[in-house]
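J.: Encoded as structure tokens, here's the structure I'll be asking about.
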Amino acid sequence: MKAYTADRTFNAVNFIILLVATLACLAPFIHIFAVSLSSPGAITSGKVSLLPVELNFEAYSKVFSNAAMIRSLGFTIWLTLLTTTLCMLMTIAIGYPLSKKKLKGRKWIMLLVVITMFFSGGIIPEYILIKNLNFLDTIWALVLPGLINPFYLIILVSFFNNIPESLEESAEIDGSSHFRTLLSIMLPLSMPVIATLSLFYAVARWNGFQDTLMYITKPELYPLQLKLYQMIQNNMITDLLQNEGSQITTMVPEGLKAASVIFATVPILIVYPWLQRYFVSGVMLGAVKG
Amino acid sequence: MRTTSYLLRYWQLYALLLLPVSYFLIFRYGPMYGIQIAFKDFNFFQGIGGSEWIGLEAFKEVFAMKDFYLTLRNTLMLNFLDLLVSFPAPLFLAILLYEMKILWFKKLSQTILYIPHFISWIIIGGIVYQVFGTQSGMINNVITGLGFDAIPFLTSKNEWLITYLLVGVWQSAGWGTIIYLAALTGINKELFEAAGIDGAGRLKQIWHITLPGLRSTIVVLLIINLGHMITIGFDRPFVIGNLAVREYADVLSTFVYRVGIQSGQYTLATVVGLFQAVVGLIFVLGANYTSKKLTDEGIM
């Protein structure tokens, strides 16, 4: 009986701690959502916490009527789709041959890849390379440098290696070429890992910031992160000045910033639940294989 | 003859390799060729090959810079504190999730806990400002509402450090549980039943079964983290940091950006980057060696 009560206490405490952790995880999003829907007056007087005060859609109508913002969203979607597609094509193109143990020179190519996991030229030589290739202020500066992530490549290769060799061999005996085997046998069997890696590439590109800061100066090519950064930067400075007693007021209203943040977050949140079941298995595969 | 038949059989695979290998040579090894400018007085007119050699001049200059030591210290300090605070959090959460018997709630909270990992640091920066701001941040609204003075979470260096660490936990704790949960699937459930029959409570079971089952994962992750002590992402300190807290927020990655891209001192910035890459390599190789010694599990 005593053990039974102890068990129940444990379950209750466990539930409460997890609940608090989960809510702590959500609270910032809820707050910023509430701010985005509140009136400017309510925001500056500090009345908004987790629910909108004086419900107001002005911030959203401003975001959606802001041509630069919409263009930035369109560009970011295009950039992400292009990058993800090219990344996957390239990763598969190198991953498939590297999974063939009989391929001569495979070890050397693997070494070429692995070295880059431990050592890189660094930010400045990369910048000089992009500048010398005349890629500054073009979409290619954001697409090409990250085409193949060696860690994702290794996850893909180990996945290919786990597909029974007999399947490939029987296809080969039937006279199937390597291209055909890849397209009609390997890829259909690899959908979970392909979905996972696509998600990772897409999220990395969607969220990527430092390269946009370094390579892009043309406003037409501002991805969302760079646009948001400029608004937030402005926030930080204002906070600093107000703290030091200066009377400079915020230039971009709080509600508008909050609405922009929501605007840039929602696309990720829409895709996320669909892919969640894939990425957990994908990460585990990567973890097990190390 | 044998070569011909080999090529006939495998040429398609080599064709597939062509573009990816060129990618590695151009975009991964190209910058390595550029490292030589650390030893040159680089300018764009003369190019990488044409600029004049200056030996270790630039290294001497960097090692005499006060900011170099400040950013090096901050990099190590932020990483070390992060490890102290952010490392145990996913372990704790993973055990809670593992012990959670209400499946729908477990799934729901996992879904929610993973989300911050997918949010960019820019967006997190925006959220941080709204939550921790001094003037109209959510937390300070509560604090001033209760009649206390507002806390400068973002503009005073010690308070900023706490903000920086808390945000790190918030962002990474949920995602970090995945690897522990994967390791936990390997534990034989019968052990728990047997322990239960022997009268061990749940806490005792965690202590004697769950934690030992995670020992090697913990050690490997800890070593990986120690191996990355000198590497620090750019976005997080850059976005959450600001001029008022520069004394703590300025790290090697932001220093390289400022000196190299903003001030155009490419040679000096490359020296800093090279220093970081070489020390980082030594750390990682050392970590891998240690991991192999301790657990028979290499990281590579």
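Going by the structure tokens order, chains are called A, B, ..., each with residues numbered from 1, while ligands are numbered from 1 in the order shown.
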Counting only C-alpha atoms, what are the residues of chain B within 6 Å of chain A, and for each of them which pair of atoms is the nearest and at what distance in Å, to one decimal? Sort the table by chain and rising number, as JSON lines.

T.:
{"residue": "B:Leu13", "atom": "CA", "partner": "A:Pro97", "partner_atom": "CA", "distance": 5.4}
{"residue": "B:Leu16", "atom": "CA", "partner": "A:Ala93", "partner_atom": "CA", "distance": 5.1}
{"residue": "B:Leu17", "atom": "CA", "partner": "A:Ile94", "partner_atom": "CA", "distance": 5.3}
{"residue": "B:Pro20", "atom": "CA", "partner": "A:Met90", "partner_atom": "CA", "distance": 5.9}
{"residue": "B:Phe27", "atom": "CA", "partner": "A:Pro145", "partner_atom": "CA", "distance": 5.7}
{"residue": "B:Pro31", "atom": "CA", "partner": "A:Gly121", "partner_atom": "CA", "distance": 4.5}
{"residue": "B:Met32", "atom": "CA", "partner": "A:Gly121", "partner_atom": "CA", "distance": 4.2}
{"residue": "B:Gly34", "atom": "CA", "partner": "A:Pro125", "partner_atom": "CA", "distance": 5.0}
{"residue": "B:Ser109", "atom": "CA", "partner": "A:Thr22", "partner_atom": "CA", "distance": 5.7}
{"residue": "B:Ser120", "atom": "CA", "partner": "A:Asn207", "partner_atom": "CA", "distance": 4.7}
{"residue": "B:Ile122", "atom": "CA", "partner": "A:Tyr229", "partner_atom": "CA", "distance": 5.9}
{"residue": "B:Ile123", "atom": "CA", "partner": "A:Val261", "partner_atom": "CA", "distance": 6.0}
{"residue": "B:Gly126", "atom": "CA", "partner": "A:Ile232", "partner_atom": "CA", "distance": 5.7}
{"residue": "B:Ser136", "atom": "CA", "partner": "A:Gly46", "partner_atom": "CA", "distance": 5.5}
{"residue": "B:Met138", "atom": "CA", "partner": "A:Ser49", "partner_atom": "CA", "distance": 5.9}
{"residue": "B:Asn141", "atom": "CA", "partner": "A:Gly46", "partner_atom": "CA", "distance": 5.7}
{"residue": "B:Thr270", "atom": "CA", "partner": "A:Ile124", "partner_atom": "CA", "distance": 5.8}
{"residue": "B:Gly273", "atom": "CA", "partner": "A:Gly122", "partner_atom": "CA", "distance": 5.7}

J.: Tell me which of B:Gln130, B:Thr177, B:Gln135, B:Asn140 sits closest to Leu221 of chain B, counting only C-alpha atoms.

T.: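 Using only C-alpha atoms, the shortest distance to Leu221 of chain B belongs to B:Thr177.
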
J.: Which one of A:Glu169, A:Asp174, A:Glu54, A:Glu220 sits closest to Thr138 of chain A if you count only C-alpha atoms?

T.: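 That would be A:Glu220, the residue with the smallest distance to Thr138 of chain A.
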
J.: Mind giving me the straight-line distance from atom CA of Leu214 of chain B to atom CA of Ala183 of chain B in Å, one decimal?

T.: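 Value for the atom CA of Leu214 of chain B-atom CA of Ala183 of chain B distance: 6.6 Å.
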
J.: For each of A:Leu221, A:Val20, A:Ile154, A:Ile194, take the minimum atom-to-atom distance to Ser99 of chain A, counting only C-alpha atoms, then give the residue where this is smallest.

T.: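 Checking each of A:Leu221, A:Val20, A:Ile154, A:Ile194 against Ser99 of chain A, counting only C-alpha atoms, the winner is A:Ile154.
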
J.: Using backbone DSSP assignments, extract all strand (DSSP E or B) residues from segment 16-254 of chain B; output them as a ChimeraX atom specification.

T.: /B:40-41,52-53

J.: Please dump the current selection as a PDB file, in the first residue's frame; keep C-alpha atoms.

T.:
ATOM      1  CA  LYS B  40      50.344  37.728 -46.148  1.00  0.00           C
ATOM      2  CA  ASP B  41      49.516  41.406 -46.337  1.00  0.00           C
ATOM      3  CA  GLU B  52      53.092  39.990 -50.180  1.00  0.00           C
ATOM      4  CA  TRP B  53      54.337  37.487 -47.586  1.00  0.00           C
TER       5      TRP B  53
END

J.: Leaving out segment 60-76 of chain A and any residue of its chain fewer than 3 positions from it, which residues lie within 6 Å of it when counting only C-alpha atoms, given as a PyMOL selection string?

T.: chain A and resi 57+79-80+222-224+259

J.: Calculate how many Å separate atom CA of Val256 of chain B from atom CA of Val272 of chain B, rounding to one decimal.

T.: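 Straight-line distance from atom CA of Val256 of chain B to atom CA of Val272 of chain B works out to 6.6 Å.
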
J.: Give me the residues near Ile230 of chain B as a ChimeraX atom specification, where near means some atom within 8 Å (using only C-alpha atoms) and where sequence neighbours in that chain fewer than 3 positions away do not count.

T.: /B:72,75-76,79,227,276,279-280

J.: Dump C-alpha atoms for the selected residues as a compact mmCIF listing (two decimals), in the first residue's frame?

T.:
# COMPACT_ATOMS: atom_id res chain seq x y z
CA LEU B 72 38.94 34.22 -26.17
CA THR B 75 34.23 32.20 -25.65
CA LEU B 76 35.61 29.78 -23.08
CA ASN B 79 30.82 27.70 -23.38
CA GLY B 227 35.94 19.21 -27.49
CA GLN B 276 40.47 28.96 -33.46
CA VAL B 279 43.05 24.83 -31.29
CA GLY B 280 39.57 23.47 -32.02
